[in-house]
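Contents: one structure, followed by commentary.
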Amino acid sequence: MLVHALIREDGSVGADELYTVANTLGMSDQQVRLCVKRLVAEGRFTHEGRGRKAVLHATGDTTRALAPNVDFLRHAFRQDAGLAPWGGVWHLAAFAVPESARTARDALRETLVHLGGAPLQGGLYVCANAWEPYVEEAARRLGALDALTLLTTTDLRRGDAQEPAELARRLWSLPEIADRYHRLSRVARPRLARLTGPAELSPSALLTIAVELAAELTRAMEPDPLLPPQLLPQPWAGAQARELIARCWAALHEREGAEARPVLFRLYADITREAADRATPSVTGAP
């Protein structure tokens with residue numbers, strides 16, 4: 001997460017900046033060296049130079065991998081601002097991959113869960129959002145497209161549950177998801193106070209705060225199915241935490257001045273600014 005977070009507009013990561021921020025976060029130089037070695041071996045980055053004068057360059061696959069997460073974050077802020085109302089449509093994916101392709105089957109199952117799906121029964125998953133392009137792309141990449149069936153319905157029942165909010169409570173662990181956002185809020189508040197306070201903050205301090213926020217945001221959002229506000233208890237911890245994060249990104253943007261920004265932070269700042277420009281007065285998720 002640290003290395004990905006520091007990718008700049010030209011796809012590079014300066015080793016000196018990487019080591020400085022890592023040390024501030026309590027990571028050793030040896031941890032950084034091992035991480036870089038692994039990322040290069042996996043083909044995610046290329047490497048030139050030695051020590052703190054080295055420069056990493058993200059490969060095309062690494063840069064593209066950031067895009068879906070940005071898409072999901074943009075959708076979350078649109079939901080919070082009441083700009084993505086739910087039409088009552090459930091999106092389902094079913095697959096039957098043989099045991100001989102077990103690796104592909106397990107990878108497809110993990111992808112469906114990562115995309116916000118909940119298992120209904122063996123090989124059948126449901127999502128409240130239009131996930132079809134992402135599911136199809138994953139199935140095609142895994143060679144399992146012919147084994148995939150996609151469908152939608154407005155009449156979903158499980159046992160005696162049919163009301164959408166009740167289904168959401170049964171299918172997804174909302175308290176666990178909310179707890180992660182409560183943690184994100186606890187991390188964001190003191191950093192927002194530092195960012196909006198009178199004390200000067202060095203470029204490395206700003207980067208460290210940004211990485212801490214990005215890491216906690218990822219920890220909270222990766223297991224979040226991004227259910228529409230109509231399916232969630234209100235006020236929702238996710239919307240409240242993202243409001244704090246948006247204020248943090250705005251404060252970071254004001255402090256950065258002419259410093260070159262990592263691309264991920266620029267994307268985050270753009271997303272939160274878009275949401276603020278188009279939002280209703282409330283960010284609690286109410287339309």
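Residues in the structure tokens are named by chain (A, B, ... in the order shown) and by number from 1 within that chain; ligands are numbered from 1 in the order shown.
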Write out as a PyMOL selection string the set of residues from segment 100-183 of chain A that DSSP, computed on the backbone, places in alpha helix (DSSP H). chain A and resi 102-114+132-141+164-171+174-183
Selection to disk with C-alpha atoms, as a PDB file, in the first residue's frame:
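So the final result, stored in part_19.pdb, reads:
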```pdb
ATOM      1  CA  ARG A 102     -10.200 -25.192  -9.069  1.00  0.00           C
ATOM      2  CA  THR A 103      -7.722 -22.291  -9.058  1.00  0.00           C
ATOM      3  CA  ALA A 104      -9.898 -20.284 -11.447  1.00  0.00           C
ATOM      4  CA  ARG A 105     -13.018 -21.200  -9.464  1.00  0.00           C
ATOM      5  CA  ASP A 106     -11.519 -20.007  -6.177  1.00  0.00           C
ATOM      6  CA  ALA A 107     -10.218 -16.818  -7.791  1.00  0.00           C
ATOM      7  CA  LEU A 108     -13.627 -16.041  -9.276  1.00  0.00           C
ATOM      8  CA  ARG A 109     -15.289 -16.620  -5.914  1.00  0.00           C
ATOM      9  CA  GLU A 110     -12.814 -14.260  -4.214  1.00  0.00           C
ATOM     10  CA  THR A 111     -13.404 -11.660  -6.921  1.00  0.00           C
ATOM     11  CA  LEU A 112     -17.170 -11.756  -6.420  1.00  0.00           C
ATOM     12  CA  VAL A 113     -16.770 -11.205  -2.685  1.00  0.00           C
ATOM     13  CA  HIS A 114     -14.260  -8.401  -3.293  1.00  0.00           C
ATOM     14  CA  GLU A 132     -21.454  -6.971 -14.481  1.00  0.00           C
ATOM     15  CA  PRO A 133     -18.492  -5.322 -16.302  1.00  0.00           C
ATOM     16  CA  TYR A 134     -16.112  -6.186 -13.449  1.00  0.00           C
ATOM     17  CA  VAL A 135     -17.421  -9.753 -13.094  1.00  0.00           C
ATOM     18  CA  GLU A 136     -17.223 -10.390 -16.837  1.00  0.00           C
ATOM     19  CA  GLU A 137     -13.683  -9.013 -17.016  1.00  0.00           C
ATOM     20  CA  ALA A 138     -12.553 -11.262 -14.163  1.00  0.00           C
ATOM     21  CA  ALA A 139     -14.251 -14.348 -15.588  1.00  0.00           C
ATOM     22  CA  ARG A 140     -12.722 -13.711 -19.018  1.00  0.00           C
ATOM     23  CA  ARG A 141      -9.271 -13.231 -17.514  1.00  0.00           C
ATOM     24  CA  PRO A 164     -34.516  -5.240   1.008  1.00  0.00           C
ATOM     25  CA  ALA A 165     -33.040  -3.788   4.205  1.00  0.00           C
ATOM     26  CA  GLU A 166     -33.728  -7.029   6.071  1.00  0.00           C
ATOM     27  CA  LEU A 167     -32.074  -9.003   3.280  1.00  0.00           C
ATOM     28  CA  ALA A 168     -29.039  -6.731   3.525  1.00  0.00           C
ATOM     29  CA  ARG A 169     -28.801  -7.338   7.273  1.00  0.00           C
ATOM     30  CA  ARG A 170     -28.897 -11.091   6.728  1.00  0.00           C
ATOM     31  CA  LEU A 171     -26.510 -11.245   3.778  1.00  0.00           C
ATOM     32  CA  LEU A 174     -23.026  -4.649   8.626  1.00  0.00           C
ATOM     33  CA  PRO A 175     -21.713  -4.285  12.225  1.00  0.00           C
ATOM     34  CA  GLU A 176     -18.242  -5.473  11.154  1.00  0.00           C
ATOM     35  CA  ILE A 177     -18.250  -3.103   8.192  1.00  0.00           C
ATOM     36  CA  ALA A 178     -19.351  -0.216  10.426  1.00  0.00           C
ATOM     37  CA  ASP A 179     -16.588  -1.014  12.944  1.00  0.00           C
ATOM     38  CA  ARG A 180     -13.939  -0.560  10.245  1.00  0.00           C
ATOM     39  CA  TYR A 181     -15.359   2.854   9.407  1.00  0.00           C
ATOM     40  CA  HIS A 182     -15.431   3.825  13.087  1.00  0.00           C
ATOM     41  CA  ARG A 183     -11.710   2.999  13.152  1.00  0.00           C
TER      42      ARG A 183
END
```
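Shortest separation to Ala220 of chain A among A:Ala84, A:Leu151, A:Leu73, A:Leu252 occurs at residue A:Leu73, atoms counted being only C-alpha atoms.
With atom CA of Ser204 of chain A on one side and atom CA of Arg273 of chain A on the other, the separation reads 23.6 Å.
In terms of minimum interatomic distance to Leu226 of chain A, A:Arg74 ranks closest within A:Arg189, A:Arg158, A:Arg74, A:His253, counting only C-alpha atoms.
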Which of A:His91, A:Gly49, A:Asp80, A:Thr208 sits closest to Tyr19 of chain A [using only C-alpha atoms]: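 Closest to Tyr19 of chain A of all the choices is A:Thr208.
Closest approach to Ala210 of chain A among A:Gly123, A:Arg266, A:Pro228, A:Ala144: A:Arg266, based on only C-alpha atoms.
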According to DSSP computed on the backbone, where in segment 79-232 of chain A is there strand (DSSP E)? Give the residues as a PyMOL selection string. chain A and resi 90-95+118-121+124-127+148-153
Take the residues that were just selected and, keeping N, CA, C and O atoms, output them as a PDB file, in the first residue's frame.
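The result, written out as selection_30.pdb:
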```pdb
ATOM      1  N   TRP A  90     -31.522  -6.219  -7.816  1.00  0.00           N
ATOM      2  CA  TRP A  90     -30.438  -7.067  -7.314  1.00  0.00           C
ATOM      3  C   TRP A  90     -29.707  -7.675  -8.518  1.00  0.00           C
ATOM      4  O   TRP A  90     -30.333  -8.115  -9.476  1.00  0.00           O
ATOM      5  N   HIS A  91     -28.382  -7.712  -8.439  1.00  0.00           N
ATOM      6  CA  HIS A  91     -27.563  -8.262  -9.519  1.00  0.00           C
ATOM      7  C   HIS A  91     -26.967  -9.586  -9.040  1.00  0.00           C
ATOM      8  O   HIS A  91     -26.299  -9.631  -7.996  1.00  0.00           O
ATOM      9  N   LEU A  92     -27.207 -10.651  -9.791  1.00  0.00           N
ATOM     10  CA  LEU A  92     -26.766 -11.983  -9.393  1.00  0.00           C
ATOM     11  C   LEU A  92     -25.764 -12.550 -10.386  1.00  0.00           C
ATOM     12  O   LEU A  92     -25.820 -12.263 -11.587  1.00  0.00           O
ATOM     13  N   ALA A  93     -24.849 -13.352  -9.859  1.00  0.00           N
ATOM     14  CA  ALA A  93     -23.874 -14.063 -10.683  1.00  0.00           C
ATOM     15  C   ALA A  93     -23.820 -15.505 -10.200  1.00  0.00           C
ATOM     16  O   ALA A  93     -23.725 -15.766  -8.993  1.00  0.00           O
ATOM     17  N   ALA A  94     -23.915 -16.424 -11.144  1.00  0.00           N
ATOM     18  CA  ALA A  94     -23.827 -17.854 -10.834  1.00  0.00           C
ATOM     19  C   ALA A  94     -22.731 -18.467 -11.685  1.00  0.00           C
ATOM     20  O   ALA A  94     -22.520 -18.063 -12.835  1.00  0.00           O
ATOM     21  N   PHE A  95     -22.008 -19.420 -11.133  1.00  0.00           N
ATOM     22  CA  PHE A  95     -20.970 -20.081 -11.908  1.00  0.00           C
ATOM     23  C   PHE A  95     -20.864 -21.541 -11.476  1.00  0.00           C
ATOM     24  O   PHE A  95     -21.187 -21.902 -10.336  1.00  0.00           O
ATOM     25  N   ALA A 118     -22.451 -11.285  -1.970  1.00  0.00           N
ATOM     26  CA  ALA A 118     -22.719 -12.146  -0.815  1.00  0.00           C
ATOM     27  C   ALA A 118     -23.221 -13.487  -1.336  1.00  0.00           C
ATOM     28  O   ALA A 118     -24.018 -13.529  -2.280  1.00  0.00           O
ATOM     29  N   PRO A 119     -22.772 -14.601  -0.745  1.00  0.00           N
ATOM     30  CA  PRO A 119     -23.217 -15.909  -1.215  1.00  0.00           C
ATOM     31  C   PRO A 119     -24.664 -16.181  -0.814  1.00  0.00           C
ATOM     32  O   PRO A 119     -25.055 -15.958   0.330  1.00  0.00           O
ATOM     33  N   LEU A 120     -25.438 -16.635  -1.774  1.00  0.00           N
ATOM     34  CA  LEU A 120     -26.808 -17.078  -1.497  1.00  0.00           C
ATOM     35  C   LEU A 120     -26.842 -18.579  -1.284  1.00  0.00           C
ATOM     36  O   LEU A 120     -27.526 -19.088  -0.391  1.00  0.00           O
ATOM     37  N   GLN A 121     -26.116 -19.301  -2.116  1.00  0.00           N
ATOM     38  CA  GLN A 121     -25.931 -20.739  -1.985  1.00  0.00           C
ATOM     39  C   GLN A 121     -24.764 -21.102  -2.886  1.00  0.00           C
ATOM     40  O   GLN A 121     -24.137 -20.210  -3.474  1.00  0.00           O
ATOM     41  N   LEU A 124     -23.685 -19.182  -6.231  1.00  0.00           N
ATOM     42  CA  LEU A 124     -24.632 -18.106  -6.549  1.00  0.00           C
ATOM     43  C   LEU A 124     -24.405 -16.936  -5.597  1.00  0.00           C
ATOM     44  O   LEU A 124     -24.487 -17.098  -4.373  1.00  0.00           O
ATOM     45  N   TYR A 125     -24.120 -15.756  -6.176  1.00  0.00           N
ATOM     46  CA  TYR A 125     -23.797 -14.571  -5.388  1.00  0.00           C
ATOM     47  C   TYR A 125     -24.685 -13.407  -5.818  1.00  0.00           C
ATOM     48  O   TYR A 125     -25.113 -13.324  -6.969  1.00  0.00           O
ATOM     49  N   VAL A 126     -24.935 -12.500  -4.864  1.00  0.00           N
ATOM     50  CA  VAL A 126     -25.787 -11.352  -5.129  1.00  0.00           C
ATOM     51  C   VAL A 126     -25.077 -10.070  -4.736  1.00  0.00           C
ATOM     52  O   VAL A 126     -24.299 -10.033  -3.769  1.00  0.00           O
ATOM     53  N   CYS A 127     -25.342  -9.011  -5.502  1.00  0.00           N
ATOM     54  CA  CYS A 127     -24.779  -7.696  -5.236  1.00  0.00           C
ATOM     55  C   CYS A 127     -25.886  -6.662  -5.453  1.00  0.00           C
ATOM     56  O   CYS A 127     -26.785  -6.876  -6.275  1.00  0.00           O
ATOM     57  N   LEU A 148     -20.099 -18.743 -16.534  1.00  0.00           N
ATOM     58  CA  LEU A 148     -20.712 -17.662 -15.759  1.00  0.00           C
ATOM     59  C   LEU A 148     -22.095 -17.327 -16.295  1.00  0.00           C
ATOM     60  O   LEU A 148     -22.308 -17.221 -17.501  1.00  0.00           O
ATOM     61  N   THR A 149     -23.048 -17.158 -15.376  1.00  0.00           N
ATOM     62  CA  THR A 149     -24.397 -16.700 -15.722  1.00  0.00           C
ATOM     63  C   THR A 149     -24.690 -15.445 -14.922  1.00  0.00           C
ATOM     64  O   THR A 149     -24.476 -15.417 -13.703  1.00  0.00           O
ATOM     65  N   LEU A 150     -25.172 -14.402 -15.593  1.00  0.00           N
ATOM     66  CA  LEU A 150     -25.519 -13.142 -14.946  1.00  0.00           C
ATOM     67  C   LEU A 150     -27.007 -12.876 -15.114  1.00  0.00           C
ATOM     68  O   LEU A 150     -27.566 -13.113 -16.178  1.00  0.00           O
ATOM     69  N   LEU A 151     -27.640 -12.360 -14.076  1.00  0.00           N
ATOM     70  CA  LEU A 151     -29.045 -12.031 -14.148  1.00  0.00           C
ATOM     71  C   LEU A 151     -29.382 -10.967 -13.119  1.00  0.00           C
ATOM     72  O   LEU A 151     -28.599 -10.695 -12.206  1.00  0.00           O
ATOM     73  N   THR A 152     -30.546 -10.354 -13.282  1.00  0.00           N
ATOM     74  CA  THR A 152     -31.018  -9.356 -12.325  1.00  0.00           C
ATOM     75  C   THR A 152     -32.442  -9.701 -11.918  1.00  0.00           C
ATOM     76  O   THR A 152     -33.169 -10.390 -12.641  1.00  0.00           O
ATOM     77  N   THR A 153     -32.827  -9.206 -10.748  1.00  0.00           N
ATOM     78  CA  THR A 153     -34.183  -9.427 -10.274  1.00  0.00           C
ATOM     79  C   THR A 153     -34.571  -8.319  -9.312  1.00  0.00           C
ATOM     80  O   THR A 153     -33.715  -7.709  -8.661  1.00  0.00           O
TER      81      THR A 153
END
```
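Counting only C-alpha atoms, the residue from A:Ala15, A:Leu207, A:Leu232, A:Leu145 that sits nearest to Ala96 of chain A is A:Leu145.
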